[in-house]
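Visitor: Input: one structure, supplied below.
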Amino acid sequence: MAEDFTKPGFVISVAAELADMHPQTLRQYDRLGLVTPSRASGRARRYSELDIQKLRQIQELSEEGVSLEGIKRIIQLENQVQALQSRVTELSEELANQVQALQSRVTELSEELEGERQARRERDMVFTAGSGGGVMRVARGSHRSPRKVSQALMLYRPAKPGDAQEQDGQHTGASENRRRGRRCTGTRS
């Protein structure tokens with residue numbers, strides 16, 4: 001079990017002995033607000049391990065020639081630094097949680113977007129007839145391969161006024177075909 005350094009457990013006489021100070025000095029530090037012990041019933045002061053450490057720190061600074069007002073200001077600044085460090089830790093943890101939440105959301109949205117893209121690709125498919133007459137699926141915006149163009153040559157000669165009068169079979173068949181709109185693939189001799 002971890003020891004609690006903030007638990008008040010020492011009366012003023014024991015705390016003064018542990019800090020190597022006179023009990024009256026501890027009372028003075030309490031009045032100045034340098035070390036504020038907790039109070040038990042009957043207004044008796046109770047010091048914790050943390051309070052004893054502060055008393056030792058005050059004694060060291062005093063021996064170095066720092067005034068009590070200077071010591072008080074140093075303690076205030078140390079407390080501010082400690083509070084700011086705690087706040088930085090809280091904000092760092094909060095930021096890490098938010099970054100993790102945002103990364104999860106980005107992953108969700110990326111998966112959703114990919115699903116939408118896939119659905120759109122399937123929805124945007126175009127069907128066309130293949131060269132063999134079957135149905136082919138092609139993506140929107142793509143081009144089919146060009147159709148094969150016939151290389152056959154067709155000659156067309158319009159009928160002349162005298163040609164209709166001629167009755168030989170070859171000319172009559174060609175003229176008849178022209179009137180009916182049929183292709184004429186043969187040539188006249």
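Identifiers in the structure tokens: chain A, B, ... in order shown; residue index from 1 per chain; ligand index from 1 in order shown.
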Considering only helix (DSSP H, G or I) as DSSP defines it on the backbone, what residues of region 12-171 of chain A qualify? List them as a ChimeraX atom specification.
Guide: /A:12-19,23-32,41-43,49-63,68-123,169-171
Visitor: Please provide the set of residues having any atom within 8 Å of Asp51 (chain A), restricted to only C-alpha atoms, with same-chain residues fewer than 3 positions apart removed, written as a ChimeraX atom specification.
Guide: /A:6,35-37,47-48,54-55
Visitor: Residues of the last selection are to be written out with N, CA and C atoms, as a PDB file, in the first residue's frame.
Guide:
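As a result, result_38.pdb now contains:
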```pdb
ATOM      1  N   THR A   6       0.331  13.274   2.415  1.00  0.00           N
ATOM      2  CA  THR A   6      -0.496  14.431   2.775  1.00  0.00           C
ATOM      3  C   THR A   6      -1.358  14.163   4.000  1.00  0.00           C
ATOM      4  N   VAL A  35       3.604  27.461   5.762  1.00  0.00           N
ATOM      5  CA  VAL A  35       3.177  26.061   5.913  1.00  0.00           C
ATOM      6  C   VAL A  35       1.898  26.093   6.728  1.00  0.00           C
ATOM      7  N   THR A  36       0.821  25.601   6.138  1.00  0.00           N
ATOM      8  CA  THR A  36      -0.474  25.611   6.816  1.00  0.00           C
ATOM      9  C   THR A  36      -0.879  24.178   7.125  1.00  0.00           C
ATOM     10  N   PRO A  37      -0.685  23.759   8.384  1.00  0.00           N
ATOM     11  CA  PRO A  37      -1.067  22.392   8.753  1.00  0.00           C
ATOM     12  C   PRO A  37      -2.588  22.277   8.888  1.00  0.00           C
ATOM     13  N   TYR A  47       0.618  18.005  11.357  1.00  0.00           N
ATOM     14  CA  TYR A  47       1.506  18.146  10.207  1.00  0.00           C
ATOM     15  C   TYR A  47       1.627  16.819   9.463  1.00  0.00           C
ATOM     16  N   SER A  48       1.730  16.922   8.163  1.00  0.00           N
ATOM     17  CA  SER A  48       1.924  15.733   7.322  1.00  0.00           C
ATOM     18  C   SER A  48       3.394  15.643   6.917  1.00  0.00           C
ATOM     19  N   LYS A  54       8.284  20.701   3.418  1.00  0.00           N
ATOM     20  CA  LYS A  54       8.224  22.157   3.186  1.00  0.00           C
ATOM     21  C   LYS A  54       8.992  22.910   4.277  1.00  0.00           C
ATOM     22  N   LEU A  55       8.843  22.481   5.512  1.00  0.00           N
ATOM     23  CA  LEU A  55       9.568  23.131   6.609  1.00  0.00           C
ATOM     24  C   LEU A  55      11.081  23.020   6.409  1.00  0.00           C
TER      25      LEU A  55
END
```
Visitor: Excluding region 74-91 of chain A and any residue of its chain fewer than 4 positions from it, enumerate the residues within 10 Å of it, using only C-alpha atoms, and give them as a PDB file with N, CA, C and O atoms, in the first residue's frame.
Guide:
```
ATOM      1  N   GLY A  33       1.603  31.946   6.604  1.00  0.00           N
ATOM      2  CA  GLY A  33       1.050  31.194   5.474  1.00  0.00           C
ATOM      3  C   GLY A  33       2.085  30.404   4.691  1.00  0.00           C
ATOM      4  O   GLY A  33       1.833  29.955   3.575  1.00  0.00           O
ATOM      5  N   LEU A  34       3.278  30.220   5.286  1.00  0.00           N
ATOM      6  CA  LEU A  34       4.317  29.454   4.602  1.00  0.00           C
ATOM      7  C   LEU A  34       3.983  27.961   4.622  1.00  0.00           C
ATOM      8  O   LEU A  34       4.128  27.269   3.615  1.00  0.00           O
ATOM      9  N   VAL A  35       3.604  27.461   5.762  1.00  0.00           N
ATOM     10  CA  VAL A  35       3.177  26.061   5.913  1.00  0.00           C
ATOM     11  C   VAL A  35       1.898  26.093   6.728  1.00  0.00           C
ATOM     12  O   VAL A  35       1.902  26.577   7.862  1.00  0.00           O
ATOM     13  N   LYS A  54       8.284  20.701   3.418  1.00  0.00           N
ATOM     14  CA  LYS A  54       8.224  22.157   3.186  1.00  0.00           C
ATOM     15  C   LYS A  54       8.992  22.910   4.277  1.00  0.00           C
ATOM     16  O   LYS A  54       9.706  23.872   3.979  1.00  0.00           O
ATOM     17  N   GLN A  57      12.601  22.698   3.520  1.00  0.00           N
ATOM     18  CA  GLN A  57      12.940  23.566   2.394  1.00  0.00           C
ATOM     19  C   GLN A  57      13.034  25.027   2.860  1.00  0.00           C
ATOM     20  O   GLN A  57      13.962  25.748   2.474  1.00  0.00           O
ATOM     21  N   ILE A  58      12.095  25.451   3.700  1.00  0.00           N
ATOM     22  CA  ILE A  58      12.112  26.825   4.231  1.00  0.00           C
ATOM     23  C   ILE A  58      13.378  27.056   5.055  1.00  0.00           C
ATOM     24  O   ILE A  58      14.029  28.106   4.926  1.00  0.00           O
ATOM     25  N   LEU A  61      16.364  27.533   2.643  1.00  0.00           N
ATOM     26  CA  LEU A  61      16.341  28.860   2.010  1.00  0.00           C
ATOM     27  C   LEU A  61      16.708  29.946   3.022  1.00  0.00           C
ATOM     28  O   LEU A  61      17.427  30.905   2.687  1.00  0.00           O
ATOM     29  N   VAL A  66      17.726  33.964   2.359  1.00  0.00           N
ATOM     30  CA  VAL A  66      16.487  34.447   1.753  1.00  0.00           C
ATOM     31  C   VAL A  66      15.539  34.868   2.869  1.00  0.00           C
ATOM     32  O   VAL A  66      15.375  34.155   3.864  1.00  0.00           O
ATOM     33  N   LEU A  68      11.947  35.885   4.811  1.00  0.00           N
ATOM     34  CA  LEU A  68      10.690  35.142   4.902  1.00  0.00           C
ATOM     35  C   LEU A  68       9.714  35.551   3.799  1.00  0.00           C
ATOM     36  O   LEU A  68       8.991  34.710   3.267  1.00  0.00           O
ATOM     37  N   GLU A  69       9.704  36.836   3.428  1.00  0.00           N
ATOM     38  CA  GLU A  69       8.844  37.275   2.317  1.00  0.00           C
ATOM     39  C   GLU A  69       9.314  36.654   1.000  1.00  0.00           C
ATOM     40  O   GLU A  69       8.509  36.267   0.160  1.00  0.00           O
ATOM     41  N   GLY A  70      10.613  36.566   0.817  1.00  0.00           N
ATOM     42  CA  GLY A  70      11.163  35.918  -0.387  1.00  0.00           C
ATOM     43  C   GLY A  70      10.806  34.437  -0.433  1.00  0.00           C
ATOM     44  O   GLY A  70      10.457  33.888  -1.486  1.00  0.00           O
ATOM     45  N   LEU A  95      -6.208  16.398 -25.138  1.00  0.00           N
ATOM     46  CA  LEU A  95      -5.850  16.528 -26.547  1.00  0.00           C
ATOM     47  C   LEU A  95      -5.597  15.164 -27.180  1.00  0.00           C
ATOM     48  O   LEU A  95      -6.041  14.890 -28.298  1.00  0.00           O
ATOM     49  N   ALA A  96      -4.903  14.291 -26.459  1.00  0.00           N
ATOM     50  CA  ALA A  96      -4.641  12.945 -26.977  1.00  0.00           C
ATOM     51  C   ALA A  96      -5.956  12.200 -27.202  1.00  0.00           C
ATOM     52  O   ALA A  96      -6.113  11.501 -28.219  1.00  0.00           O
ATOM     53  N   ASN A  97      -6.904  12.351 -26.278  1.00  0.00           N
ATOM     54  CA  ASN A  97      -8.215  11.709 -26.446  1.00  0.00           C
ATOM     55  C   ASN A  97      -8.953  12.271 -27.652  1.00  0.00           C
ATOM     56  O   ASN A  97      -9.582  11.529 -28.416  1.00  0.00           O
TER      57      ASN A  97
END
```
Visitor: So how far away is CA of Glu64 (chain A) from CA of Gln28 (chain A), in Å?
Guide: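 Interatomic distance, CA of Gln28 (chain A) to CA of Glu64 (chain A): 19.1 Å.
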Visitor: Identify all residues of region 68-159 of chain A in strand (DSSP E or B) (DSSP on the backbone) and supply them as a PyMOL selection string.
Guide: chain A and resi 125-129+135-139
Visitor: Write out as a PyMOL selection string the residues lying within 10 Å of Gly9 (chain A), counting only C-alpha atoms and excluding same-chain residues fewer than 3 positions away.
Guide: chain A and resi 5-6+12+14-15+38+40+45-49
Visitor: CA of Ala44 (chain A) and CA of Val11 (chain A), how far apart in Å?
Guide: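 Answer for the CA of Val11 (chain A) to CA of Ala44 (chain A) separation: 7.5 Å.
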Visitor: Nearest to Arg73 (chain A) among A:Pro161, A:Leu32, A:Phe10, A:Asp124, with distances taken over only C-alpha atoms: which residue is it?
Guide: A:Leu32
Visitor: Do you know which residues are at most 10 Å from Met21 (chain A) counting only C-alpha atoms, after dropping those on the same chain fewer than 5 positions away, and could you put them as an MDAnalysis selection string?
Guide: chainID A and resid 13 15:16 26 55:56 59
Visitor: Write out the residues from the selection above, keeping C-alpha atoms, as a PDB file, in the first residue's frame.
Guide:
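Result file is result_31.pdb:
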```pdb
ATOM      1  CA  SER A  13       6.261  19.094  18.892  1.00  0.00           C
ATOM      2  CA  ALA A  15       6.969  18.052  13.501  1.00  0.00           C
ATOM      3  CA  ALA A  16       9.380  20.636  15.019  1.00  0.00           C
ATOM      4  CA  LEU A  26       6.340  26.485  13.138  1.00  0.00           C
ATOM      5  CA  LEU A  55       9.568  23.131   6.609  1.00  0.00           C
ATOM      6  CA  ARG A  56      12.979  21.671   5.703  1.00  0.00           C
ATOM      7  CA  GLN A  59      14.962  26.198   6.659  1.00  0.00           C
TER       8      GLN A  59
END
```
Visitor: Of the candidates A:Asp4, A:Arg31, A:Ala19, A:Arg39, which one gets nearest to Gln53 (chain A) if we count only C-alpha atoms?
Guide: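 Of A:Asp4, A:Arg31, A:Ala19, A:Arg39, the one nearest Gln53 (chain A), counting only C-alpha atoms, is A:Ala19.
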